[in-house]
Amino acid sequence: MAAVTIFGKGNMGQAIGDVFKQGGNQVTYLGHGDPVADLGDIVVLAVPYPAAISIAKANQAALAHKVVVDITNPLNFDTWDALVVPADSSAAAEIAALLPESKVVKAFNTTFAATLQSRKVGDAQTTVMAASDADDAKAVLADALTDSGVAFVDAGSLKRARELESLGFLQMTLATKEKIGWTGGFGVMK
C-alpha cells in the first residue's frame, strides 16, 4: 500500500484517486492553495500545467525524494492549437528541472476521467502509460496500480513524455471537435 497525495480535486484528481483506492492505497487530496504538510510517497499533480509549475516551485523541499506524477497536457487553451512548452521539451521535463531531488513521472495524461472511472476505452482496459528517468519510480507507480483495474505500460525515459503529451493533446482536440467522446480515447492493445 502506498500513501498517495493528489493535488487537484476535479474530475481527473477524483478519478485518479479512485483508481489508487481500488488498488488498496491511501489517498489524500489537496487543493492548489491548501497548506502542504505530510505528503505521500506518491504525489500526483492533477492540476493544469501552470498550477503544476506553481506547486513545484512552491514545494521543492516537500517534494524532494517523492515520486511526483505529472498528468498535465500543456496546451495553449486560448487557441487549442499548440503545446506551450519548447519543442524539445515537455511539461514533465520542465517540472523535473524544478524538482531535481524528486523522481518525476509522466502518467495519466493520455486517459480521460471517464475512462479511468470505467476502467475501459471501448472494449479495451484503460492503460496508464508512464515515462520517467527513474525506473524505481515507475516500479512504485506500477505497484500502486496493481489490482486497480487499469493496465500499466512503461513508456520509457522522461524524453518520451513529449510524445505522451502530444498524444494527450491530439486526444483532447479530437474530443473537443466531437470526433471522439470524452468517454472514449486511445487504447493500448498488447
# chains A, B, ... in the order shown; residues from 1 in each chain; ligands from 1

$ residues_around --residues "Ala131 in chain A" --least-positions-apart "6" --cutoff "9 Å" --atoms "only C-alpha atoms" --output "list in words"
Val104, Val105, Lys106, Ala107, Lys138, Val153, Asp154, Ala155, Gly156, Ser157, Leu158, Lys159, Arg160, Ala161 and Leu164 of chain A

$ closest_residue --among "A:Ala87, A:Ala96, A:Val36, A:Met129" --to "Leu167 in chain A" --atoms "only C-alpha atoms"
A:Met129

$ select_by_dssp --residues "chain A" --states "strand (DSSP E)" --output "count of residues only"
37

$ closest_residue --among "A:Gly149, A:Gly181, A:Pro35, A:Pro50" --to "Ile16 in chain A" --atoms "only C-alpha atoms"
A:Gly149

$ select_by_dssp --residues "range 25-86 of chain A" --states "helix (DSSP H, G or I)" --output "PyMOL selection string"
chain A and resi 49-58+60-63

$ write_last_selection --atoms "N, CA, C and O atoms" --output "PDB file, in the first residue's frame"
ATOM      1  N   TYR A  49      -1.315  22.730 -16.206  1.00  0.00           N
ATOM      2  CA  TYR A  49       0.134  22.906 -16.267  1.00  0.00           C
ATOM      3  C   TYR A  49       0.636  24.131 -15.495  1.00  0.00           C
ATOM      4  O   TYR A  49       1.578  23.992 -14.697  1.00  0.00           O
ATOM      5  N   PRO A  50       0.065  25.329 -15.673  1.00  0.00           N
ATOM      6  CA  PRO A  50       0.586  26.477 -14.905  1.00  0.00           C
ATOM      7  C   PRO A  50       0.509  26.253 -13.393  1.00  0.00           C
ATOM      8  O   PRO A  50       1.418  26.641 -12.656  1.00  0.00           O
ATOM      9  N   ALA A  51      -0.553  25.607 -12.919  1.00  0.00           N
ATOM     10  CA  ALA A  51      -0.675  25.320 -11.493  1.00  0.00           C
ATOM     11  C   ALA A  51       0.353  24.281 -11.054  1.00  0.00           C
ATOM     12  O   ALA A  51       0.901  24.372  -9.949  1.00  0.00           O
ATOM     13  N   ALA A  52       0.632  23.298 -11.904  1.00  0.00           N
ATOM     14  CA  ALA A  52       1.651  22.294 -11.577  1.00  0.00           C
ATOM     15  C   ALA A  52       3.020  22.942 -11.416  1.00  0.00           C
ATOM     16  O   ALA A  52       3.765  22.613 -10.486  1.00  0.00           O
ATOM     17  N   ILE A  53       3.334  23.869 -12.302  1.00  0.00           N
ATOM     18  CA  ILE A  53       4.610  24.601 -12.185  1.00  0.00           C
ATOM     19  C   ILE A  53       4.645  25.387 -10.882  1.00  0.00           C
ATOM     20  O   ILE A  53       5.651  25.383 -10.158  1.00  0.00           O
ATOM     21  N   SER A  54       3.556  26.047 -10.558  1.00  0.00           N
ATOM     22  CA  SER A  54       3.473  26.830  -9.325  1.00  0.00           C
ATOM     23  C   SER A  54       3.647  25.947  -8.091  1.00  0.00           C
ATOM     24  O   SER A  54       4.382  26.301  -7.159  1.00  0.00           O
ATOM     25  N   ILE A  55       2.982  24.803  -8.081  1.00  0.00           N
ATOM     26  CA  ILE A  55       3.109  23.868  -6.958  1.00  0.00           C
ATOM     27  C   ILE A  55       4.541  23.365  -6.836  1.00  0.00           C
ATOM     28  O   ILE A  55       5.096  23.289  -5.739  1.00  0.00           O
ATOM     29  N   ALA A  56       5.157  23.026  -7.950  1.00  0.00           N
ATOM     30  CA  ALA A  56       6.546  22.547  -7.924  1.00  0.00           C
ATOM     31  C   ALA A  56       7.485  23.613  -7.368  1.00  0.00           C
ATOM     32  O   ALA A  56       8.332  23.319  -6.518  1.00  0.00           O
ATOM     33  N   LYS A  57       7.334  24.846  -7.831  1.00  0.00           N
ATOM     34  CA  LYS A  57       8.199  25.932  -7.347  1.00  0.00           C
ATOM     35  C   LYS A  57       8.021  26.173  -5.857  1.00  0.00           C
ATOM     36  O   LYS A  57       8.984  26.392  -5.126  1.00  0.00           O
ATOM     37  N   ALA A  58       6.772  26.148  -5.393  1.00  0.00           N
ATOM     38  CA  ALA A  58       6.475  26.485  -4.002  1.00  0.00           C
ATOM     39  C   ALA A  58       6.794  25.356  -3.023  1.00  0.00           C
ATOM     40  O   ALA A  58       6.886  25.605  -1.815  1.00  0.00           O
ATOM     41  N   GLN A  60       9.376  22.699  -3.402  1.00  0.00           N
ATOM     42  CA  GLN A  60      10.548  21.904  -3.778  1.00  0.00           C
ATOM     43  C   GLN A  60      11.036  21.021  -2.635  1.00  0.00           C
ATOM     44  O   GLN A  60      11.308  19.837  -2.832  1.00  0.00           O
ATOM     45  N   ALA A  61      11.140  21.570  -1.436  1.00  0.00           N
ATOM     46  CA  ALA A  61      11.645  20.788  -0.306  1.00  0.00           C
ATOM     47  C   ALA A  61      10.680  19.673   0.072  1.00  0.00           C
ATOM     48  O   ALA A  61      11.096  18.542   0.319  1.00  0.00           O
ATOM     49  N   ALA A  62       9.392  19.966   0.112  1.00  0.00           N
ATOM     50  CA  ALA A  62       8.399  18.961   0.493  1.00  0.00           C
ATOM     51  C   ALA A  62       8.304  17.838  -0.536  1.00  0.00           C
ATOM     52  O   ALA A  62       7.965  16.702  -0.193  1.00  0.00           O
ATOM     53  N   LEU A  63       8.602  18.146  -1.800  1.00  0.00           N
ATOM     54  CA  LEU A  63       8.520  17.145  -2.866  1.00  0.00           C
ATOM     55  C   LEU A  63       9.817  16.364  -3.078  1.00  0.00           C
ATOM     56  O   LEU A  63       9.848  15.416  -3.853  1.00  0.00           O
TER      57      LEU A  63
END

$ atom_distance --atom1 "CA of Leu39 in chain A" --atom2 "CA of Val68 in chain A"
10.5 Å

$ decode --residues "range 61-89 of chain A" --atoms "C-alpha atoms" --output "mmCIF file, in the first residue's frame"
data_model
loop_
_atom_site.group_PDB
_atom_site.id
_atom_site.type_symbol
_atom_site.label_atom_id
_atom_site.label_comp_id
_atom_site.auth_asym_id
_atom_site.auth_seq_id
_atom_site.Cartn_x
_atom_site.Cartn_y
_atom_site.Cartn_z
ATOM 1 C CA ALA A 61 11.645 20.788 -0.306
ATOM 2 C CA ALA A 62 8.399 18.961 0.493
ATOM 3 C CA LEU A 63 8.520 17.145 -2.866
ATOM 4 C CA ALA A 64 12.158 16.056 -2.530
ATOM 5 C CA HIS A 65 12.600 12.266 -2.662
ATOM 6 C CA LYS A 66 8.948 11.769 -3.666
ATOM 7 C CA VAL A 67 7.570 10.138 -6.794
ATOM 8 C CA VAL A 68 5.916 13.152 -8.463
ATOM 9 C CA VAL A 69 3.394 12.247 -11.164
ATOM 10 C CA ASP A 70 2.701 14.940 -13.755
ATOM 11 C CA ILE A 71 -0.606 14.363 -15.575
ATOM 12 C CA THR A 72 -0.673 17.653 -17.483
ATOM 13 C CA ASN A 73 -1.083 18.225 -21.177
ATOM 14 C CA PRO A 74 0.433 21.708 -21.599
ATOM 15 C CA LEU A 75 -1.996 23.018 -24.206
ATOM 16 C CA ASN A 76 -2.464 26.570 -25.262
ATOM 17 C CA PHE A 77 -6.073 26.720 -24.074
ATOM 18 C CA ASP A 78 -6.641 30.029 -25.883
ATOM 19 C CA THR A 79 -6.074 28.524 -29.333
ATOM 20 C CA TRP A 80 -6.194 24.752 -28.755
ATOM 21 C CA ASP A 81 -3.551 24.666 -31.471
ATOM 22 C CA ALA A 82 -0.198 24.081 -29.766
ATOM 23 C CA LEU A 83 1.670 22.869 -26.728
ATOM 24 C CA VAL A 84 3.170 25.697 -24.645
ATOM 25 C CA VAL A 85 6.481 24.005 -23.813
ATOM 26 C CA PRO A 86 9.573 24.142 -26.048
ATOM 27 C CA ALA A 87 9.558 21.681 -28.968
ATOM 28 C CA ASP A 88 12.471 19.741 -27.478
ATOM 29 C CA SER A 89 10.918 19.522 -24.011
#
